[in-house]
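Chemist: Sharing my_file35.pdb, PDB, C-alpha atoms:
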```pdb
ATOM      1  CA  ALA A1141      81.479 110.962  82.609  1.00  0.00           C
ATOM      2  CA  ARG A1142      79.354 111.000  79.465  1.00  0.00           C
ATOM      3  CA  LYS A1143      76.028 110.572  81.244  1.00  0.00           C
ATOM      4  CA  HIS A1144      76.597 113.497  83.628  1.00  0.00           C
ATOM      5  CA  GLN A1145      78.890 115.554  81.344  1.00  0.00           C
ATOM      6  CA  LEU A1146      81.722 115.559  83.873  1.00  0.00           C
ATOM      7  CA  TYR A1147      85.425 114.946  83.913  1.00  0.00           C
ATOM      8  CA  LEU A1148      86.211 112.059  86.261  1.00  0.00           C
ATOM      9  CA  VAL A1149      89.585 111.166  87.717  1.00  0.00           C
ATOM     10  CA  GLY A1150      89.467 107.471  88.536  1.00  0.00           C
ATOM     11  CA  GLY A1151      92.260 107.347  91.093  1.00  0.00           C
ATOM     12  CA  SER A1152      95.196 105.110  90.267  1.00  0.00           C
ATOM     13  CA  HIS A1153      95.166 101.385  89.645  1.00  0.00           C
ATOM     14  CA  PRO A1154      97.579  98.610  88.702  1.00  0.00           C
ATOM     15  CA  VAL A1155      97.492  98.136  84.924  1.00  0.00           C
ATOM     16  CA  ARG A1156      99.415  95.415  83.083  1.00  0.00           C
ATOM     17  CA  GLU A1157     100.818  96.263  79.675  1.00  0.00           C
ATOM     18  CA  GLY A1158     102.652  93.325  78.181  1.00  0.00           C
ATOM     19  CA  LYS A1159     105.064  92.150  80.871  1.00  0.00           C
ATOM     20  CA  GLU A1160     105.099  95.496  82.697  1.00  0.00           C
ATOM     21  CA  LEU A1161     102.857  96.538  85.604  1.00  0.00           C
ATOM     22  CA  TYR A1162     102.150 100.260  86.007  1.00  0.00           C
ATOM     23  CA  ASN A1163     100.446 102.363  88.674  1.00  0.00           C
ATOM     24  CA  ARG A1164      98.141 104.333  86.343  1.00  0.00           C
ATOM     25  CA  CYS A1165      95.710 107.202  86.787  1.00  0.00           C
ATOM     26  CA  HIS A1166      92.754 107.571  84.388  1.00  0.00           C
ATOM     27  CA  LEU A1167      90.908 110.762  83.458  1.00  0.00           C
ATOM     28  CA  PHE A1168      87.583 110.259  81.680  1.00  0.00           C
ATOM     29  CA  SER A1169      86.044 113.098  79.651  1.00  0.00           C
ATOM     30  CA  PRO A1170      82.396 113.935  78.859  1.00  0.00           C
ATOM     31  CA  THR A1171      83.075 113.149  75.199  1.00  0.00           C
ATOM     32  CA  GLY A1172      84.278 109.625  75.952  1.00  0.00           C
ATOM     33  CA  GLY A1173      87.995 110.384  75.955  1.00  0.00           C
ATOM     34  CA  VAL A1174      90.238 108.400  78.262  1.00  0.00           C
ATOM     35  CA  TYR A1175      93.565 109.926  79.281  1.00  0.00           C
ATOM     36  CA  VAL A1176      96.215 108.162  81.359  1.00  0.00           C
ATOM     37  CA  GLN A1177      99.238 109.077  83.457  1.00  0.00           C
ATOM     38  CA  ASP A1178     101.593 106.466  84.859  1.00  0.00           C
ATOM     39  CA  LYS A1179     103.386 107.001  88.152  1.00  0.00           C
ATOM     40  CA  LEU A1180     106.955 108.088  87.437  1.00  0.00           C
ATOM     41  CA  HIS A1181     108.629 107.840  90.865  1.00  0.00           C
ATOM     42  CA  LEU A1182     108.008 104.520  92.578  1.00  0.00           C
ATOM     43  CA  THR A1183     108.455 103.773  96.251  1.00  0.00           C
ATOM     44  CA  PRO A1184     110.705 100.816  97.140  1.00  0.00           C
ATOM     45  CA  VAL A1185     107.593  98.772  98.089  1.00  0.00           C
ATOM     46  CA  GLU A1186     105.978  99.395  94.689  1.00  0.00           C
ATOM     47  CA  ARG A1187     109.130  98.466  92.820  1.00  0.00           C
ATOM     48  CA  GLU A1188     110.536  95.598  94.903  1.00  0.00           C
ATOM     49  CA  LEU A1189     107.504  94.003  96.567  1.00  0.00           C
ATOM     50  CA  TRP A1190     104.732  94.655  94.041  1.00  0.00           C
ATOM     51  CA  GLY A1191     106.816  94.643  90.837  1.00  0.00           C
ATOM     52  CA  PHE A1192     105.654  97.949  89.331  1.00  0.00           C
ATOM     53  CA  SER A1193     107.557  99.627  86.507  1.00  0.00           C
ATOM     54  CA  SER A1194     108.092 103.382  86.346  1.00  0.00           C
ATOM     55  CA  GLY A1195     106.149 105.395  83.814  1.00  0.00           C
ATOM     56  CA  LYS A1196     108.171 107.194  81.165  1.00  0.00           C
ATOM     57  CA  THR A1197     105.983 110.117  80.057  1.00  0.00           C
ATOM     58  CA  LEU A1198     104.613 113.250  81.685  1.00  0.00           C
ATOM     59  CA  ARG A1199     101.248 114.140  80.108  1.00  0.00           C
ATOM     60  CA  VAL A1200      99.072 117.233  79.815  1.00  0.00           C
ATOM     61  CA  PHE A1201      95.362 116.840  79.038  1.00  0.00           C
ATOM     62  CA  ASP A1202      93.465 119.504  77.103  1.00  0.00           C
ATOM     63  CA  THR A1203      89.941 120.039  78.422  1.00  0.00           C
ATOM     64  CA  VAL A1204      87.293 122.708  77.808  1.00  0.00           C
ATOM     65  CA  MET A1205      88.234 124.099  81.232  1.00  0.00           C
ATOM     66  CA  GLY A1206      91.945 124.345  80.458  1.00  0.00           C
ATOM     67  CA  ARG A1207      94.998 122.127  80.601  1.00  0.00           C
ATOM     68  CA  THR A1208      95.114 119.562  83.409  1.00  0.00           C
ATOM     69  CA  SER A1209      97.508 116.866  84.533  1.00  0.00           C
ATOM     70  CA  ALA A1210      97.837 114.121  87.111  1.00  0.00           C
ATOM     71  CA  LEU A1211     100.710 113.165  89.373  1.00  0.00           C
ATOM     72  CA  ILE A1212     100.261 109.999  91.411  1.00  0.00           C
ATOM     73  CA  CYS A1213     101.046 110.226  95.132  1.00  0.00           C
ATOM     74  CA  TYR A1214     104.861 110.322  95.537  1.00  0.00           C
ATOM     75  CA  ASP A1215     105.264 112.132  92.178  1.00  0.00           C
ATOM     76  CA  ILE A1216     103.927 115.389  93.702  1.00  0.00           C
ATOM     77  CA  GLU A1217     106.935 115.402  96.052  1.00  0.00           C
ATOM     78  CA  PHE A1218     109.261 116.165  93.119  1.00  0.00           C
ATOM     79  CA  PRO A1219     108.974 119.895  92.272  1.00  0.00           C
ATOM     80  CA  GLU A1220     110.428 119.608  88.780  1.00  0.00           C
ATOM     81  CA  LEU A1221     107.443 117.553  87.544  1.00  0.00           C
ATOM     82  CA  SER A1222     104.900 120.205  88.550  1.00  0.00           C
ATOM     83  CA  ARG A1223     107.099 122.942  87.130  1.00  0.00           C
ATOM     84  CA  LEU A1224     107.338 121.205  83.747  1.00  0.00           C
ATOM     85  CA  LEU A1225     103.563 120.686  83.710  1.00  0.00           C
ATOM     86  CA  THR A1226     102.938 124.332  84.605  1.00  0.00           C
ATOM     87  CA  MET A1227     105.345 125.494  81.890  1.00  0.00           C
ATOM     88  CA  ALA A1228     103.280 123.363  79.466  1.00  0.00           C
ATOM     89  CA  GLY A1229     100.123 125.256  80.500  1.00  0.00           C
ATOM     90  CA  THR A1230      98.659 123.044  83.227  1.00  0.00           C
ATOM     91  CA  THR A1231      96.467 124.961  85.684  1.00  0.00           C
ATOM     92  CA  ILE A1232      95.167 122.004  87.740  1.00  0.00           C
ATOM     93  CA  ILE A1233      97.084 118.920  88.882  1.00  0.00           C
ATOM     94  CA  PHE A1234      95.074 115.991  90.216  1.00  0.00           C
ATOM     95  CA  VAL A1235      96.862 113.852  92.809  1.00  0.00           C
ATOM     96  CA  PRO A1236      95.318 110.490  93.643  1.00  0.00           C
ATOM     97  CA  PHE A1237      97.177 109.049  96.610  1.00  0.00           C
ATOM     98  CA  SER A1238      97.293 106.178  99.053  1.00  0.00           C
ATOM     99  CA  THR A1239      99.104 106.689 102.353  1.00  0.00           C
ATOM    100  CA  ASP A1240      99.087 104.355 105.321  1.00  0.00           C
ATOM    101  CA  GLU A1241     100.337 106.714 108.023  1.00  0.00           C
ATOM    102  CA  LYS A1242      99.854 110.363 108.916  1.00  0.00           C
ATOM    103  CA  GLN A1243     103.532 111.102 108.256  1.00  0.00           C
ATOM    104  CA  ALA A1244     103.208 109.840 104.680  1.00  0.00           C
ATOM    105  CA  TYR A1245      99.983 111.808 104.211  1.00  0.00           C
ATOM    106  CA  TRP A1246     101.606 115.033 105.442  1.00  0.00           C
ATOM    107  CA  ARG A1247     104.546 114.572 103.055  1.00  0.00           C
ATOM    108  CA  VAL A1248     102.098 114.396 100.140  1.00  0.00           C
ATOM    109  CA  ARG A1249      99.920 117.212 101.515  1.00  0.00           C
ATOM    110  CA  HIS A1250     102.744 119.669 102.235  1.00  0.00           C
ATOM    111  CA  SER A1251     104.345 118.919  98.872  1.00  0.00           C
ATOM    112  CA  ALA A1252     101.027 119.471  97.081  1.00  0.00           C
ATOM    113  CA  GLN A1253     100.495 122.788  98.897  1.00  0.00           C
ATOM    114  CA  ALA A1254     104.014 123.863  97.967  1.00  0.00           C
ATOM    115  CA  ARG A1255     103.400 123.005  94.292  1.00  0.00           C
ATOM    116  CA  ALA A1256     100.191 125.119  94.315  1.00  0.00           C
ATOM    117  CA  VAL A1257     102.062 128.080  95.800  1.00  0.00           C
ATOM    118  CA  GLU A1258     105.242 127.715  93.705  1.00  0.00           C
ATOM    119  CA  ASN A1259     103.397 127.462  90.401  1.00  0.00           C
ATOM    120  CA  SER A1260     100.207 129.464  91.086  1.00  0.00           C
ATOM    121  CA  ILE A1261      98.018 126.487  90.186  1.00  0.00           C
ATOM    122  CA  TYR A1262      95.340 124.347  91.791  1.00  0.00           C
ATOM    123  CA  VAL A1263      96.275 120.955  93.207  1.00  0.00           C
ATOM    124  CA  VAL A1264      93.486 118.486  93.986  1.00  0.00           C
ATOM    125  CA  LEU A1265      94.276 115.658  96.434  1.00  0.00           C
ATOM    126  CA  ALA A1266      92.056 112.572  96.610  1.00  0.00           C
ATOM    127  CA  GLY A1267      93.086 109.676  98.838  1.00  0.00           C
ATOM    128  CA  ASN A1268      91.915 106.347 100.192  1.00  0.00           C
ATOM    129  CA  ALA A1269      90.361 106.483 103.646  1.00  0.00           C
ATOM    130  CA  GLY A1270      89.929 103.403 105.829  1.00  0.00           C
ATOM    131  CA  ASN A1271      90.889  99.792 105.211  1.00  0.00           C
ATOM    132  CA  LEU A1272      91.021  97.955 101.915  1.00  0.00           C
ATOM    133  CA  PRO A1273      89.817  94.340 102.156  1.00  0.00           C
ATOM    134  CA  MET A1274      93.211  92.730 101.552  1.00  0.00           C
ATOM    135  CA  SER A1275      95.202  90.767 104.079  1.00  0.00           C
ATOM    136  CA  SER A1276      98.502  92.414 103.094  1.00  0.00           C
ATOM    137  CA  TYR A1277      97.346  96.024 103.045  1.00  0.00           C
ATOM    138  CA  LEU A1278      97.444  98.421 105.974  1.00  0.00           C
ATOM    139  CA  LEU A1279      94.884 101.010 106.937  1.00  0.00           C
ATOM    140  CA  ASN A1280      94.875 104.140 104.809  1.00  0.00           C
ATOM    141  CA  TYR A1281      94.981 107.668 106.136  1.00  0.00           C
ATOM    142  CA  ALA A1282      93.656 110.514 104.004  1.00  0.00           C
ATOM    143  CA  ARG A1283      92.318 114.023 104.050  1.00  0.00           C
ATOM    144  CA  SER A1284      91.354 114.984 100.526  1.00  0.00           C
ATOM    145  CA  ALA A1285      91.617 118.658  99.642  1.00  0.00           C
ATOM    146  CA  ILE A1286      91.506 121.260  96.909  1.00  0.00           C
ATOM    147  CA  LEU A1287      94.566 123.475  97.304  1.00  0.00           C
ATOM    148  CA  THR A1288      95.122 126.913  95.793  1.00  0.00           C
ATOM    149  CA  PRO A1289      97.828 129.531  95.551  1.00  0.00           C
ATOM    150  CA  CYS A1290      98.157 131.787  98.609  1.00  0.00           C
ATOM    151  CA  ASP A1291      97.547 135.113  96.907  1.00  0.00           C
ATOM    152  CA  PHE A1292      94.941 137.822  96.371  1.00  0.00           C
ATOM    153  CA  GLY A1293      91.698 136.351  95.054  1.00  0.00           C
ATOM    154  CA  PHE A1294      92.357 132.938  96.634  1.00  0.00           C
ATOM    155  CA  PRO A1295      91.575 131.581 100.094  1.00  0.00           C
ATOM    156  CA  GLN A1296      94.028 133.040 102.609  1.00  0.00           C
ATOM    157  CA  ALA A1297      95.355 129.641 103.743  1.00  0.00           C
ATOM    158  CA  GLY A1298      95.438 128.230 100.190  1.00  0.00           C
ATOM    159  CA  VAL A1299      92.675 125.682 100.834  1.00  0.00           C
ATOM    160  CA  ALA A1300      89.472 125.922  98.760  1.00  0.00           C
ATOM    161  CA  ALA A1301      87.941 122.805 100.349  1.00  0.00           C
ATOM    162  CA  GLU A1302      89.030 119.993 102.636  1.00  0.00           C
ATOM    163  CA  ALA A1303      87.548 116.730 103.900  1.00  0.00           C
ATOM    164  CA  ASP A1304      87.444 115.739 107.524  1.00  0.00           C
ATOM    165  CA  PRO A1305      90.404 113.483 108.377  1.00  0.00           C
ATOM    166  CA  ASN A1306      90.024 109.866 107.296  1.00  0.00           C
ATOM    167  CA  VAL A1307      86.398 110.171 106.182  1.00  0.00           C
ATOM    168  CA  GLU A1308      85.003 108.785 102.926  1.00  0.00           C
ATOM    169  CA  THR A1309      83.371 111.828 101.341  1.00  0.00           C
ATOM    170  CA  VAL A1310      83.278 114.151  98.341  1.00  0.00           C
ATOM    171  CA  VAL A1311      85.059 117.505  98.420  1.00  0.00           C
ATOM    172  CA  THR A1312      83.923 120.242  96.030  1.00  0.00           C
ATOM    173  CA  ALA A1313      84.795 123.859  95.277  1.00  0.00           C
ATOM    174  CA  ASP A1314      84.298 126.341  92.477  1.00  0.00           C
ATOM    175  CA  LEU A1315      87.650 127.180  90.916  1.00  0.00           C
TER     176      LEU A1315
END
```
Take the structure in the file and write it out as structure tokens.
Modeler:
Amino acid sequence: ARKHQLYLVGGSHPVREGKELYNRCHLFSPTGGVYVQDKLHLTPVERELWGFSSGKTLRVFDTVMGRTSALICYDIEFPELSRLLTMAGTTIIFVPFSTDEKQAYWRVRHSAQARAVENSIYVVLAGNAGNLPMSSYLLNYARSAILTPCDFGFPQAGVAAEADPNVETVVTADL
């Protein structure tokens, strides 16, 4: 982030804090800042099988480009979180996600598109594509995208950029 003067969202990763395990997203700034957002709504697998704890705080990050936030995967499916973030000035929500089936992907995708439309904000989806080298993990399905409001001055379908299905790639757009 420092070397290239970029903001980087590092997906989400298991992070242990004391006795608790969190699913945590990191945002790295060009000035060396590190911001974190824990996943608030856990799936039964995350809670019961993997032993994750729910995050407790919803965060907004001030950047030179405006206020941003992150909601991890399932969290984007809860409209009140995006609404609270938008009321706090967020204009872009980053959504790192991991889905194993198309149905799960479409739940995240349709929810993210709805949040962009409802709140007149950008929502950036970035997901795992392919198989992780773990014996207990299924294939991942993803189609990363940059979603926009559906209004004048924005793309008609509310999609600024979109990856091909299940391809490891980079998606970019000027916002």
Chemist: Got a sec to resolve the PyMOL selection byres ((chain A and resi 1248) around 9) on this structure and send the residues as a ChimeraX atom specification?
Modeler: /A:1213-1217,1237,1239,1243-1247,1249-1253,1265
Chemist: Which residues fall under the PyMOL selection byres ((chain A and resi 1255) around 12) in this file, as JSON, numbers by chain?
Modeler: {"A": [1211, 1215, 1216, 1217, 1218, 1219, 1220, 1221, 1222, 1223, 1224, 1225, 1226, 1231, 1232, 1233, 1234, 1235, 1248, 1249, 1250, 1251, 1252, 1253, 1254, 1256, 1257, 1258, 1259, 1260, 1261, 1262, 1263, 1264, 1265, 1287, 1288, 1289, 1290, 1298]}
Chemist: Which polymer residues, protein or nucleic acid, are no farther than 6 Å from (94.9, 110.0, 97.0), counting all atoms listed in the file, as an mmCIF file with C-alpha atoms, in the coordinates of the input?
Modeler:
```
data_model
loop_
_atom_site.group_PDB
_atom_site.id
_atom_site.type_symbol
_atom_site.label_atom_id
_atom_site.label_comp_id
_atom_site.auth_asym_id
_atom_site.auth_seq_id
_atom_site.Cartn_x
_atom_site.Cartn_y
_atom_site.Cartn_z
ATOM 1 C CA PRO A 1236 95.318 110.490 93.643
ATOM 2 C CA PHE A 1237 97.177 109.049 96.610
ATOM 3 C CA SER A 1238 97.293 106.178 99.053
ATOM 4 C CA LEU A 1265 94.276 115.658 96.434
ATOM 5 C CA ALA A 1266 92.056 112.572 96.610
ATOM 6 C CA GLY A 1267 93.086 109.676 98.838
ATOM 7 C CA ASN A 1268 91.915 106.347 100.192
#
```
Chemist: When the PyMOL selection byres ((chain A and resi 1307) around 8) is applied to the file above, which residues end up in the set, as a short mmCIF file (atom, residue, chain, number, x, y, z; two decimals) with C-alpha atoms, in the frame of the given file?
Modeler:
```cif
data_model
loop_
_atom_site.label_atom_id
_atom_site.label_comp_id
_atom_site.auth_asym_id
_atom_site.auth_seq_id
_atom_site.Cartn_x
_atom_site.Cartn_y
_atom_site.Cartn_z
CA ALA A 1269 90.36 106.48 103.65
CA GLY A 1270 89.93 103.40 105.83
CA ALA A 1282 93.66 110.51 104.00
CA ARG A 1283 92.32 114.02 104.05
CA ALA A 1303 87.55 116.73 103.90
CA ASP A 1304 87.44 115.74 107.52
CA PRO A 1305 90.40 113.48 108.38
CA ASN A 1306 90.02 109.87 107.30
CA GLU A 1308 85.00 108.78 102.93
CA THR A 1309 83.37 111.83 101.34
#
```
Chemist: Please indicate the distance in Å from CA of Thr1230 (chain A) to CA of Gly1151 (chain A), rounded to one decimal place.
Modeler: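 One can read the CA of Thr1230 (chain A) to CA of Gly1151 (chain A) distance as 18.7 Å.
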Chemist: May I have the residues within 7 Å of Tyr1162 (chain A) as a list in words, using only C-alpha atoms and disregarding those fewer than 4 positions away in the same chain?
Modeler: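 Residues near the query, excluding close chain neighbours: Pro1154, Val1155, Arg1156, Asp1178, Phe1192, Ser1193, Ser1194 and Gly1195 of chain A.
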Chemist: Kindly indicate which residue among A:Thr1197, A:Tyr1281, A:Phe1294, A:Gly1150 lies nearest to Glu1241 (chain A), using all atoms listed in the file for the distances.
Modeler: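 Using all atoms listed in the file, Glu1241 (chain A) sits closest to A:Tyr1281.
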Chemist: Which one is closest to Ala1285 (chain A): A:Val1176, A:Leu1148, A:Leu1167, A:Val1299? Count all atoms listed in the file.
Modeler: A:Val1299
